[in-house]
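One file, query.cif, carrying mmCIF, C-alpha atoms and all ligand atoms:
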data_upload
loop_
_atom_site.label_atom_id
_atom_site.label_comp_id
_atom_site.auth_asym_id
_atom_site.auth_seq_id
_atom_site.Cartn_x
_atom_site.Cartn_y
_atom_site.Cartn_z
CA MET A 17 -5.85 18.06 16.95
CA SER A 18 -4.45 16.83 13.62
CA LYS A 19 -6.16 13.96 11.86
CA VAL A 20 -4.85 11.58 9.18
CA LEU A 21 -6.94 9.34 6.92
CA ILE A 22 -5.33 5.96 6.25
CA LEU A 23 -6.73 3.88 3.39
CA TYR A 24 -5.53 0.55 2.06
CA GLY A 25 -6.34 -2.25 -0.34
CA THR A 26 -5.13 -5.81 0.23
CA ARG A 27 -5.74 -9.22 -1.27
CA TYR A 28 -3.72 -11.44 1.07
CA GLY A 29 -3.34 -9.20 4.15
CA THR A 30 0.24 -7.99 3.62
CA THR A 31 -0.68 -4.37 2.99
CA LYS A 32 -2.92 -4.35 6.09
CA GLY A 33 0.18 -5.17 8.15
CA ILE A 34 2.02 -2.24 6.56
CA SER A 35 -0.94 0.08 7.03
CA ASP A 36 -1.22 -0.87 10.72
CA GLU A 37 2.47 -0.14 11.30
CA ILE A 38 2.23 3.25 9.55
CA GLU A 39 -0.82 4.06 11.67
CA LYS A 40 1.02 3.13 14.87
CA VAL A 41 3.99 5.39 14.02
CA ILE A 42 1.68 8.29 13.19
CA GLN A 43 -0.34 7.85 16.39
CA GLU A 44 2.90 7.86 18.40
CA LYS A 45 3.35 11.42 17.15
CA GLY A 46 0.13 12.42 18.89
CA ILE A 47 -1.83 12.51 15.64
CA THR A 48 -5.35 11.06 15.41
CA THR A 49 -5.94 8.51 12.65
CA GLU A 50 -8.89 6.92 10.91
CA SER A 51 -8.26 3.77 8.91
CA TYR A 52 -10.35 1.97 6.29
CA ASN A 53 -9.90 -1.25 4.36
CA LEU A 54 -11.31 0.00 1.05
CA LYS A 55 -12.66 -3.39 0.07
CA GLU A 56 -14.80 -3.69 3.18
CA GLN A 57 -15.95 -0.12 3.16
CA ASP A 58 -18.79 1.49 1.29
CA LEU A 59 -16.71 4.13 -0.50
CA LYS A 60 -19.55 6.66 -0.19
CA GLU A 61 -19.26 6.47 3.59
CA ILE A 62 -15.64 7.58 3.68
CA PRO A 63 -15.72 11.20 4.86
CA PRO A 64 -14.64 14.01 2.52
CA LEU A 65 -10.92 14.73 2.47
CA GLN A 66 -11.26 18.24 3.86
CA GLU A 67 -11.93 16.63 7.26
CA TYR A 68 -8.32 15.46 7.36
CA ASP A 69 -4.91 17.12 7.54
CA GLY A 70 -3.22 14.28 5.67
CA ILE A 71 -4.11 11.21 3.61
CA ILE A 72 -2.19 7.97 3.07
CA ILE A 73 -3.22 5.38 0.49
CA GLY A 74 -1.59 1.98 0.08
CA THR A 75 -2.26 -1.01 -2.14
CA GLY A 76 -0.96 -4.48 -2.78
CA ILE A 77 -0.08 -5.39 -6.40
CA LYS A 78 -1.28 -8.43 -8.33
CA MET A 79 -0.57 -8.92 -12.02
CA LYS A 80 0.77 -5.35 -12.08
CA LYS A 81 -2.55 -3.98 -10.77
CA TRP A 82 -3.73 -2.11 -7.66
CA THR A 83 -6.69 -3.65 -5.86
CA LYS A 84 -10.01 -2.86 -7.53
CA ALA A 85 -11.25 -0.89 -4.51
CA VAL A 86 -8.16 1.37 -4.45
CA LYS A 87 -8.45 1.98 -8.19
CA LYS A 88 -12.12 2.84 -7.84
CA TYR A 89 -11.60 5.15 -4.88
CA VAL A 90 -8.68 7.04 -6.46
CA GLN A 91 -10.53 7.46 -9.75
CA LYS A 92 -13.66 8.66 -8.00
CA ARG A 93 -11.89 11.12 -5.73
CA LYS A 94 -9.16 12.22 -8.14
CA SER A 95 -9.98 15.94 -8.13
CA GLU A 96 -10.14 16.03 -4.31
CA LEU A 97 -6.88 14.06 -4.10
CA LYS A 98 -5.22 16.39 -6.59
CA LYS A 99 -6.08 19.38 -4.41
CA ARG A 100 -4.63 17.62 -1.37
CA GLN A 101 -1.48 16.21 -2.97
CA SER A 102 0.89 18.28 -0.79
CA THR A 103 -0.24 16.17 2.18
CA LEU A 104 -0.85 12.94 0.30
CA GLY A 105 1.26 9.81 0.74
CA PHE A 106 0.94 6.80 -1.58
CA TYR A 107 2.68 3.43 -1.44
CA VAL A 108 2.52 0.00 -2.98
CA CYS A 109 3.39 -3.37 -1.49
CA CYS A 110 4.75 -5.71 -4.16
CA GLY A 111 7.11 -8.45 -5.21
CA VAL A 112 9.25 -6.19 -7.41
CA ALA A 113 10.19 -3.97 -4.43
CA SER A 114 11.31 -7.02 -2.44
CA LYS A 115 14.67 -6.50 -4.22
CA LYS A 116 16.16 -3.23 -2.96
CA SER A 117 17.67 -2.46 -6.38
CA ASP A 118 14.21 -2.64 -7.98
CA ILE A 119 12.35 -0.29 -5.61
CA SER A 120 12.61 2.65 -8.02
CA LYS A 121 11.28 0.47 -10.84
CA ALA A 122 8.31 -0.51 -8.66
CA ILE A 123 7.68 3.15 -7.77
CA ASN A 124 7.79 4.12 -11.43
CA ASP A 125 5.65 1.28 -12.81
CA TYR A 126 3.07 0.95 -10.04
CA ILE A 127 2.77 4.53 -8.75
CA THR A 128 4.18 7.28 -10.96
CA LEU A 129 2.92 6.02 -14.31
CA LYS A 130 -0.53 5.17 -12.97
CA LEU A 131 -1.04 8.39 -10.99
CA GLN A 132 0.33 10.54 -13.82
CA LYS A 133 -2.63 9.44 -15.94
CA LEU A 134 -4.94 10.80 -13.25
CA GLY A 135 -2.95 14.00 -12.81
CA ILE A 136 -2.06 13.26 -9.18
CA GLN A 137 1.43 13.83 -7.75
CA PRO A 138 1.61 12.85 -4.09
CA ALA A 139 4.17 14.55 -1.86
CA LEU A 140 5.47 11.20 -0.66
CA ILE A 141 5.64 7.86 -2.49
CA ASP A 142 7.34 4.54 -1.79
CA ALA A 143 7.28 0.85 -2.72
CA PHE A 144 7.67 -1.82 -0.05
CA GLY A 145 8.53 -5.48 -0.49
CA GLY A 146 5.63 -7.87 -0.14
CA ALA A 147 5.04 -11.32 1.31
CA TYR A 148 4.02 -14.75 0.05
CA ASP A 149 2.18 -16.80 2.64
CA LEU A 150 2.71 -20.46 1.78
CA THR A 151 1.86 -21.79 5.25
CA GLU A 152 -1.10 -24.14 5.71
CA GLY A 153 -4.41 -22.27 5.60
CA SER A 154 -2.92 -19.38 3.63
CA PRO A 155 -5.27 -17.38 1.37
CA ILE A 156 -2.98 -18.20 -1.58
CA THR A 157 -4.56 -21.39 -2.92
CA GLY A 158 -5.10 -23.50 -6.05
CA ILE A 159 -3.42 -22.62 -9.31
CA THR A 160 -2.22 -19.26 -7.93
CA ARG A 161 -0.31 -21.11 -5.22
CA LYS A 162 1.27 -23.45 -7.77
CA ILE A 163 2.42 -20.48 -9.84
CA VAL A 164 3.87 -18.69 -6.79
CA VAL A 165 5.72 -21.85 -5.70
CA SER A 166 7.16 -22.36 -9.16
CA ILE A 167 8.28 -18.71 -9.43
CA MET A 168 9.92 -18.90 -6.00
CA LYS A 169 11.80 -21.98 -7.08
CA SER A 170 12.91 -20.75 -10.48
CA GLU A 171 13.44 -17.01 -9.84
CA GLU A 172 14.31 -16.88 -6.16
CA GLY A 173 16.21 -20.16 -6.08
CA ILE A 174 14.24 -21.34 -3.02
CA GLU A 175 14.29 -25.13 -3.14
CA ASN A 176 11.27 -25.88 -0.96
CA PRO A 177 9.08 -22.79 -0.53
CA GLU A 178 5.93 -24.67 0.64
CA GLY A 179 4.83 -24.46 4.30
CA LYS A 180 6.63 -21.17 4.98
CA MET A 181 5.91 -17.47 5.17
CA HIS A 182 8.20 -15.52 2.82
CA ASP A 183 8.09 -11.99 4.11
CA TYR A 184 10.12 -9.29 2.38
CA ARG A 185 8.61 -6.29 4.15
CA ASP A 186 11.29 -3.92 5.44
CA TRP A 187 9.83 -2.49 8.64
CA GLU A 188 12.50 0.17 8.94
CA GLN A 189 11.70 1.45 5.44
CA ILE A 190 7.99 1.42 6.36
CA ARG A 191 8.53 3.34 9.62
CA ASN A 192 10.75 5.83 7.76
CA PHE A 193 7.91 6.50 5.34
CA ALA A 194 5.51 7.10 8.24
CA ASN A 195 7.97 9.41 9.96
CA LYS A 196 8.58 11.39 6.78
CA PHE A 197 4.84 11.67 6.29
CA GLY A 198 4.42 13.04 9.81
CA GLU A 199 7.07 15.70 9.12
CA LEU A 200 5.45 16.62 5.83
CA PHE A 201 2.05 17.41 7.12
CA LYS A 202 3.19 19.06 10.37
CA LYS A 203 4.09 22.08 8.22
CA TYR A 204 0.47 22.65 7.29
C1 LIG B 1 -0.90 -14.17 -7.88
C2 LIG B 1 0.08 -13.09 -7.51
C3 LIG B 1 0.43 -12.13 -8.47
C4 LIG B 1 1.35 -11.13 -8.15
N1 LIG B 1 1.70 -10.20 -9.10
C5 LIG B 1 2.65 -9.28 -8.81
C6 LIG B 1 3.06 -8.33 -9.81
O1 LIG B 1 2.57 -8.28 -10.93
N2 LIG B 1 4.04 -7.45 -9.46
C7 LIG B 1 4.63 -7.43 -8.23
O2 LIG B 1 5.52 -6.63 -7.99
N3 LIG B 1 4.22 -8.29 -7.26
C8 LIG B 1 3.26 -9.21 -7.52
N4 LIG B 1 2.85 -10.10 -6.55
C9 LIG B 1 3.40 -9.98 -5.18
C10 LIG B 1 2.42 -9.27 -4.25
O3 LIG B 1 2.37 -7.91 -4.58
C11 LIG B 1 2.80 -9.48 -2.79
O4 LIG B 1 2.55 -10.82 -2.47
C12 LIG B 1 2.09 -8.55 -1.83
O5 LIG B 1 2.55 -8.84 -0.53
C13 LIG B 1 0.57 -8.67 -1.91
O6 LIG B 1 -0.03 -7.71 -1.09
P1 LIG B 1 -1.44 -7.96 -0.38
O7 LIG B 1 -1.28 -9.20 0.49
O8 LIG B 1 -1.67 -6.76 0.45
O9 LIG B 1 -2.45 -8.14 -1.45
C14 LIG B 1 1.92 -11.08 -6.84
C15 LIG B 1 1.53 -12.03 -5.87
C16 LIG B 1 0.64 -13.03 -6.19
C17 LIG B 1 0.24 -14.03 -5.14
#
Let me see the structure of the file written as structure tokens.
Amino acid sequence: MSKVLILYGTRYGTTKGISDEIEKVIQEKGITTESYNLKEQDLKEIPPLQEYDGIIIGTGIKMKKWTKAVKKYVQKRKSELKKRQSTLGFYVCCGVASKKSDISKAINDYITLKLQKLGIQPALIDAFGGAYDLTEGSPITGITRKIVVSIMKSEEGIENPEGKMHDYRDWEQIRNFANKFGELFKKY
């Protein structure tokens, strides 16, 4: 039976939601999956890539950066990932891609340019819109929260962003990515 490795990095939980949806779509195709939150996982314990038929890596973006754990994993495993790039999918979850017209900019800035430096060219890449959780008890707190609120007011024109979840994830786009990934690795 085919097996796919699903890895993700998240700061506020948005990318976990995306990763879970991708995993569900892939499992519906009768494919076995194994999923790891890279921050909670000892990277040494993640099995070698030859145990899998396909690999998907996703990360949230903050201040233009991947999560530290994703950066570390990709750097560490770059030669293995390079060998497996024909069945490698990579995506980011970010504010820039929340605007449909800026998805290609997000792909270029947060995926292509960064992976080029490592010599990795995944078969499938995409950028998904992110979310800003401004409900009570949200992990976005303190000065970061103040900055997010002020950006939402000035750039998004949202008068009163506090107390709400602002979710720009496009679930159809996400499921499309998972479906395309399934097709891609079925060939191998
Ligand atoms: C403090 C902060 C900084 C951010 N910086 C960026 C950025 O530089 N570029 C971008 O496209 N999105 C940015 N975002 C939007 C996040 O990528 C978005 O909220 C995403 O859903 C976060 O994913 P995560 O919850 O999986 O970490 C930022 C969000 C916050 C709260």
Which of these residues is nearest to ligand LIG 1 (chain B), using all atoms listed in the file: A:Lys19, A:Arg191, A:Lys92, A:Lys78?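 That would be A:Lys78, the residue with the smallest distance to ligand LIG 1 (chain B).
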May I ask which of the residues A:Gly74, A:Gly146, A:Pro138, A:Gly46 is the closest one to ligand LIG 1 (chain B), counting only C-alpha atoms and all ligand atoms?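 Answer, going by the shortest atom-to-atom distance: A:Gly146.
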In Å, with one decimal, what is the gap from CA of Gln137 in chain A to CA of Ile72 in chain A?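 Between CA of Gln137 in chain A and CA of Ile72 in chain A the gap is 12.8 Å.
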Would you name the residues within 6 Å of ligand LIG 1 (chain B), counting all atoms listed in the file, and put them as a PDB file with C-alpha atoms, keeping the file's coordinate frame?
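New file selection.pdb:
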ATOM      1  CA  THR A  26      -5.130  -5.810   0.230  1.00  0.00           C
ATOM      2  CA  ARG A  27      -5.740  -9.220  -1.270  1.00  0.00           C
ATOM      3  CA  TYR A  28      -3.720 -11.440   1.070  1.00  0.00           C
ATOM      4  CA  GLY A  29      -3.340  -9.200   4.150  1.00  0.00           C
ATOM      5  CA  THR A  30       0.240  -7.990   3.620  1.00  0.00           C
ATOM      6  CA  THR A  31      -0.680  -4.370   2.990  1.00  0.00           C
ATOM      7  CA  GLY A  76      -0.960  -4.480  -2.780  1.00  0.00           C
ATOM      8  CA  ILE A  77      -0.080  -5.390  -6.400  1.00  0.00           C
ATOM      9  CA  LYS A  78      -1.280  -8.430  -8.330  1.00  0.00           C
ATOM     10  CA  MET A  79      -0.570  -8.920 -12.020  1.00  0.00           C
ATOM     11  CA  LYS A  80       0.770  -5.350 -12.080  1.00  0.00           C
ATOM     12  CA  CYS A 109       3.390  -3.370  -1.490  1.00  0.00           C
ATOM     13  CA  CYS A 110       4.750  -5.710  -4.160  1.00  0.00           C
ATOM     14  CA  GLY A 111       7.110  -8.450  -5.210  1.00  0.00           C
ATOM     15  CA  VAL A 112       9.250  -6.190  -7.410  1.00  0.00           C
ATOM     16  CA  GLY A 146       5.630  -7.870  -0.140  1.00  0.00           C
ATOM     17  CA  ALA A 147       5.040 -11.320   1.310  1.00  0.00           C
ATOM     18  CA  TYR A 148       4.020 -14.750   0.050  1.00  0.00           C
ATOM     19  CA  THR A 160      -2.220 -19.260  -7.930  1.00  0.00           C
TER      20      THR A 160
END
Find the residue from A:Leu150, A:Leu59, A:Val41, A:Leu97 that sits nearest to Gly135 in chain A; use all atoms listed in the file when measuring.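 Under the stated criterion, the closest residue is A:Leu97.
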Using all atoms listed in the file, the best pick from A:Thr157, A:Ser114, A:Ser170, A:Gln101 as closest to Gly70 in chain A would be A:Gln101
So how many Å separate CA of Leu54 in chain A and CA of Lys87 in chain A, to one decimal?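 CA of Lys87 in chain A lies at a distance of 9.9 Å from CA of Leu54 in chain A.
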In terms of the shortest atom-to-atom distance over only C-alpha atoms, which of A:Tyr126, A:Phe197, A:Trp187, A:Tyr89 is closest to Thr103 in chain A? A:Phe197
Using all atoms listed in the file: which of A:Lys121, A:Arg100, A:Lys32, A:Lys130 has the shortest distance to Ser51 in chain A: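 Closest residue, counting all atoms listed in the file: A:Lys32.
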One number please: CA of Glu67 in chain A to CA of Ile34 in chain A, in Å, one decimal. 23.5 Å
Distance cut-off 12 Å, centre (5.9, -21.0, -7.3) in file coordinates, counting all atoms listed in the file: which residues qualify? Return them as JSON, numbers by chain. {"A": [148, 149, 150, 156, 157, 158, 159, 160, 161, 162, 163, 164, 165, 166, 167, 168, 169, 170, 171, 172, 173, 174, 175, 176, 177, 178, 182]}
Grab the residues selected above and save them as an mmCIF file, in the coordinates of the input with C-alpha atoms.
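And here is the file that came out, result_4.cif:
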data_model
loop_
_atom_site.group_PDB
_atom_site.id
_atom_site.type_symbol
_atom_site.label_atom_id
_atom_site.label_comp_id
_atom_site.auth_asym_id
_atom_site.auth_seq_id
_atom_site.Cartn_x
_atom_site.Cartn_y
_atom_site.Cartn_z
ATOM 1 C CA TYR A 148 4.020 -14.750 0.050
ATOM 2 C CA ASP A 149 2.180 -16.800 2.640
ATOM 3 C CA LEU A 150 2.710 -20.460 1.780
ATOM 4 C CA ILE A 156 -2.980 -18.200 -1.580
ATOM 5 C CA THR A 157 -4.560 -21.390 -2.920
ATOM 6 C CA GLY A 158 -5.100 -23.500 -6.050
ATOM 7 C CA ILE A 159 -3.420 -22.620 -9.310
ATOM 8 C CA THR A 160 -2.220 -19.260 -7.930
ATOM 9 C CA ARG A 161 -0.310 -21.110 -5.220
ATOM 10 C CA LYS A 162 1.270 -23.450 -7.770
ATOM 11 C CA ILE A 163 2.420 -20.480 -9.840
ATOM 12 C CA VAL A 164 3.870 -18.690 -6.790
ATOM 13 C CA VAL A 165 5.720 -21.850 -5.700
ATOM 14 C CA SER A 166 7.160 -22.360 -9.160
ATOM 15 C CA ILE A 167 8.280 -18.710 -9.430
ATOM 16 C CA MET A 168 9.920 -18.900 -6.000
ATOM 17 C CA LYS A 169 11.800 -21.980 -7.080
ATOM 18 C CA SER A 170 12.910 -20.750 -10.480
ATOM 19 C CA GLU A 171 13.440 -17.010 -9.840
ATOM 20 C CA GLU A 172 14.310 -16.880 -6.160
ATOM 21 C CA GLY A 173 16.210 -20.160 -6.080
ATOM 22 C CA ILE A 174 14.240 -21.340 -3.020
ATOM 23 C CA GLU A 175 14.290 -25.130 -3.140
ATOM 24 C CA ASN A 176 11.270 -25.880 -0.960
ATOM 25 C CA PRO A 177 9.080 -22.790 -0.530
ATOM 26 C CA GLU A 178 5.930 -24.670 0.640
ATOM 27 C CA HIS A 182 8.200 -15.520 2.820
#
Quick one: residues within 6 Å of Ile136 in chain A, only C-alpha atoms counted, chain neighbours fewer than 4 positions away excluded, as a list in words?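 Once the nearby chain positions are removed, what remains is Lys98, Leu131 and Gln132 of chain A.
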Keeping C-alpha atoms for every residue in the selection just given, could you write it to a file as a PDB file, in the frame of the given file?
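Final output, saved to again-v4.pdb:
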ATOM      1  CA  LYS A  98      -5.220  16.390  -6.590  1.00  0.00           C
ATOM      2  CA  LEU A 131      -1.040   8.390 -10.990  1.00  0.00           C
ATOM      3  CA  GLN A 132       0.330  10.540 -13.820  1.00  0.00           C
TER       4      GLN A 132
END
Find the residues with any atom within 10 Å of (-7.2, 6.8, 6.4); use all atoms listed in the file and the coordinates as given in the file, and write the answer as an MDAnalysis selection string. chainID A and resid 19:24 35 39 49:54 62:63 65 68 70:74
Neighbouring residues of range 194-196 of chain A were defined as those with any atom within 10 Å, considering only C-alpha atoms; residues of the same chain fewer than 5 positions away were excluded. Please report them as a short mmCIF file (atom, residue, chain, number, x, y, z; two decimals) with C-alpha atoms, in the frame of the given file.
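out.cif written:
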data_model
loop_
_atom_site.label_atom_id
_atom_site.label_comp_id
_atom_site.auth_asym_id
_atom_site.auth_seq_id
_atom_site.Cartn_x
_atom_site.Cartn_y
_atom_site.Cartn_z
CA SER A 35 -0.94 0.08 7.03
CA GLU A 37 2.47 -0.14 11.30
CA ILE A 38 2.23 3.25 9.55
CA GLU A 39 -0.82 4.06 11.67
CA LYS A 40 1.02 3.13 14.87
CA VAL A 41 3.99 5.39 14.02
CA ILE A 42 1.68 8.29 13.19
CA GLU A 44 2.90 7.86 18.40
CA LYS A 45 3.35 11.42 17.15
CA ILE A 72 -2.19 7.97 3.07
CA GLY A 105 1.26 9.81 0.74
CA LEU A 140 5.47 11.20 -0.66
CA GLU A 188 12.50 0.17 8.94
CA GLN A 189 11.70 1.45 5.44
CA PHE A 201 2.05 17.41 7.12
#
Determine, counting only C-alpha atoms, which protein, DNA and RNA residues have an atom within 8 Å of an atom of Tyr107 in chain A; residues of the same chain fewer than 3 positions away are not included. Present the result as a ChimeraX atom specification. /A:73-75,127,141-144
Atoms added to range 62-73 of chain A (all heavy atoms), reported as an mmCIF file, in the coordinates of the input:
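Once everything was written out, this is result_36.cif:
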data_model
loop_
_atom_site.group_PDB
_atom_site.id
_atom_site.type_symbol
_atom_site.label_atom_id
_atom_site.label_comp_id
_atom_site.auth_asym_id
_atom_site.auth_seq_id
_atom_site.Cartn_x
_atom_site.Cartn_y
_atom_site.Cartn_z
ATOM 1 N N ILE A 62 -16.920 7.015 3.250
ATOM 2 C CA ILE A 62 -15.640 7.580 3.680
ATOM 3 C C ILE A 62 -15.769 9.108 3.651
ATOM 4 O O ILE A 62 -16.143 9.683 2.633
ATOM 5 C CB ILE A 62 -14.475 7.100 2.787
ATOM 6 C CG1 ILE A 62 -14.342 5.571 2.945
ATOM 7 C CG2 ILE A 62 -13.165 7.792 3.165
ATOM 8 C CD1 ILE A 62 -13.352 4.937 2.024
ATOM 9 N N PRO A 63 -15.500 9.752 4.796
ATOM 10 C CA PRO A 63 -15.720 11.200 4.860
ATOM 11 C C PRO A 63 -14.922 11.987 3.829
ATOM 12 O O PRO A 63 -13.898 11.501 3.338
ATOM 13 C CB PRO A 63 -15.253 11.554 6.280
ATOM 14 C CG PRO A 63 -15.288 10.273 7.038
ATOM 15 C CD PRO A 63 -14.995 9.196 6.054
ATOM 16 N N PRO A 64 -15.378 13.193 3.490
ATOM 17 C CA PRO A 64 -14.640 14.010 2.520
ATOM 18 C C PRO A 64 -13.241 14.371 3.038
ATOM 19 O O PRO A 64 -13.026 14.467 4.250
ATOM 20 C CB PRO A 64 -15.496 15.272 2.379
ATOM 21 C CG PRO A 64 -16.513 15.211 3.451
ATOM 22 C CD PRO A 64 -16.596 13.832 3.967
ATOM 23 N N LEU A 65 -12.326 14.556 2.086
ATOM 24 C CA LEU A 65 -10.920 14.730 2.470
ATOM 25 C C LEU A 65 -10.647 16.011 3.253
ATOM 26 O O LEU A 65 -9.653 16.090 3.964
ATOM 27 C CB LEU A 65 -10.028 14.664 1.223
ATOM 28 C CG LEU A 65 -10.092 13.349 0.450
ATOM 29 C CD1 LEU A 65 -9.096 13.343 -0.702
ATOM 30 C CD2 LEU A 65 -9.829 12.159 1.369
ATOM 31 N N GLN A 66 -11.549 16.995 3.119
ATOM 32 C CA GLN A 66 -11.260 18.240 3.860
ATOM 33 C C GLN A 66 -11.356 18.058 5.381
ATOM 34 O O GLN A 66 -10.913 18.901 6.133
ATOM 35 C CB GLN A 66 -12.127 19.423 3.388
ATOM 36 C CG GLN A 66 -13.597 19.290 3.625
ATOM 37 C CD GLN A 66 -14.309 18.946 2.312
ATOM 38 O OE1 GLN A 66 -13.761 18.273 1.444
ATOM 39 N NE2 GLN A 66 -15.535 19.413 2.142
ATOM 40 N N GLU A 67 -11.883 16.907 5.806
ATOM 41 C CA GLU A 67 -11.930 16.630 7.260
ATOM 42 C C GLU A 67 -10.572 16.204 7.817
ATOM 43 O O GLU A 67 -10.418 16.050 9.020
ATOM 44 C CB GLU A 67 -12.954 15.524 7.543
ATOM 45 C CG GLU A 67 -14.366 15.990 7.326
ATOM 46 C CD GLU A 67 -15.395 14.980 7.805
ATOM 47 O OE1 GLU A 67 -15.052 14.045 8.544
ATOM 48 O OE2 GLU A 67 -16.557 15.152 7.394
ATOM 49 N N TYR A 68 -9.611 15.987 6.908
ATOM 50 C CA TYR A 68 -8.320 15.460 7.360
ATOM 51 C C TYR A 68 -7.175 16.400 6.995
ATOM 52 O O TYR A 68 -7.232 17.109 6.008
ATOM 53 C CB TYR A 68 -8.057 14.086 6.723
ATOM 54 C CG TYR A 68 -9.161 13.105 7.003
ATOM 55 C CD1 TYR A 68 -10.230 12.963 6.119
ATOM 56 C CD2 TYR A 68 -9.168 12.367 8.175
ATOM 57 C CE1 TYR A 68 -11.267 12.082 6.389
ATOM 58 C CE2 TYR A 68 -10.203 11.483 8.451
ATOM 59 C CZ TYR A 68 -11.250 11.353 7.551
ATOM 60 O OH TYR A 68 -12.278 10.488 7.823
ATOM 61 N N ASP A 69 -6.104 16.316 7.824
ATOM 62 C CA ASP A 69 -4.910 17.120 7.540
ATOM 63 C C ASP A 69 -3.978 16.391 6.575
ATOM 64 O O ASP A 69 -3.167 16.993 5.893
ATOM 65 C CB ASP A 69 -4.173 17.412 8.842
ATOM 66 C CG ASP A 69 -5.076 18.140 9.815
ATOM 67 O OD1 ASP A 69 -5.320 19.329 9.597
ATOM 68 O OD2 ASP A 69 -5.578 17.495 10.759
ATOM 69 N N GLY A 70 -4.077 15.072 6.567
ATOM 70 C CA GLY A 70 -3.220 14.280 5.670
ATOM 71 C C GLY A 70 -3.925 12.996 5.268
ATOM 72 O O GLY A 70 -4.835 12.533 5.967
ATOM 73 N N ILE A 71 -3.494 12.437 4.131
ATOM 74 C CA ILE A 71 -4.110 11.210 3.610
ATOM 75 C C ILE A 71 -2.998 10.259 3.162
ATOM 76 O O ILE A 71 -2.070 10.675 2.462
ATOM 77 C CB ILE A 71 -5.028 11.511 2.385
ATOM 78 C CG1 ILE A 71 -6.084 12.538 2.747
ATOM 79 C CG2 ILE A 71 -5.684 10.240 1.846
ATOM 80 C CD1 ILE A 71 -5.935 13.843 2.007
ATOM 81 N N ILE A 72 -3.132 8.991 3.545
ATOM 82 C CA ILE A 72 -2.190 7.970 3.070
ATOM 83 C C ILE A 72 -2.985 6.849 2.401
ATOM 84 O O ILE A 72 -3.957 6.352 2.969
ATOM 85 C CB ILE A 72 -1.379 7.362 4.231
ATOM 86 C CG1 ILE A 72 -0.503 8.432 4.886
ATOM 87 C CG2 ILE A 72 -0.504 6.213 3.742
ATOM 88 C CD1 ILE A 72 0.325 7.914 6.053
ATOM 89 N N ILE A 73 -2.560 6.484 1.200
ATOM 90 C CA ILE A 73 -3.220 5.380 0.490
ATOM 91 C C ILE A 73 -2.171 4.324 0.148
ATOM 92 O O ILE A 73 -1.091 4.651 -0.360
ATOM 93 C CB ILE A 73 -3.895 5.879 -0.812
ATOM 94 C CG1 ILE A 73 -4.895 7.003 -0.508
ATOM 95 C CG2 ILE A 73 -4.596 4.724 -1.537
ATOM 96 C CD1 ILE A 73 -5.512 7.645 -1.749
#
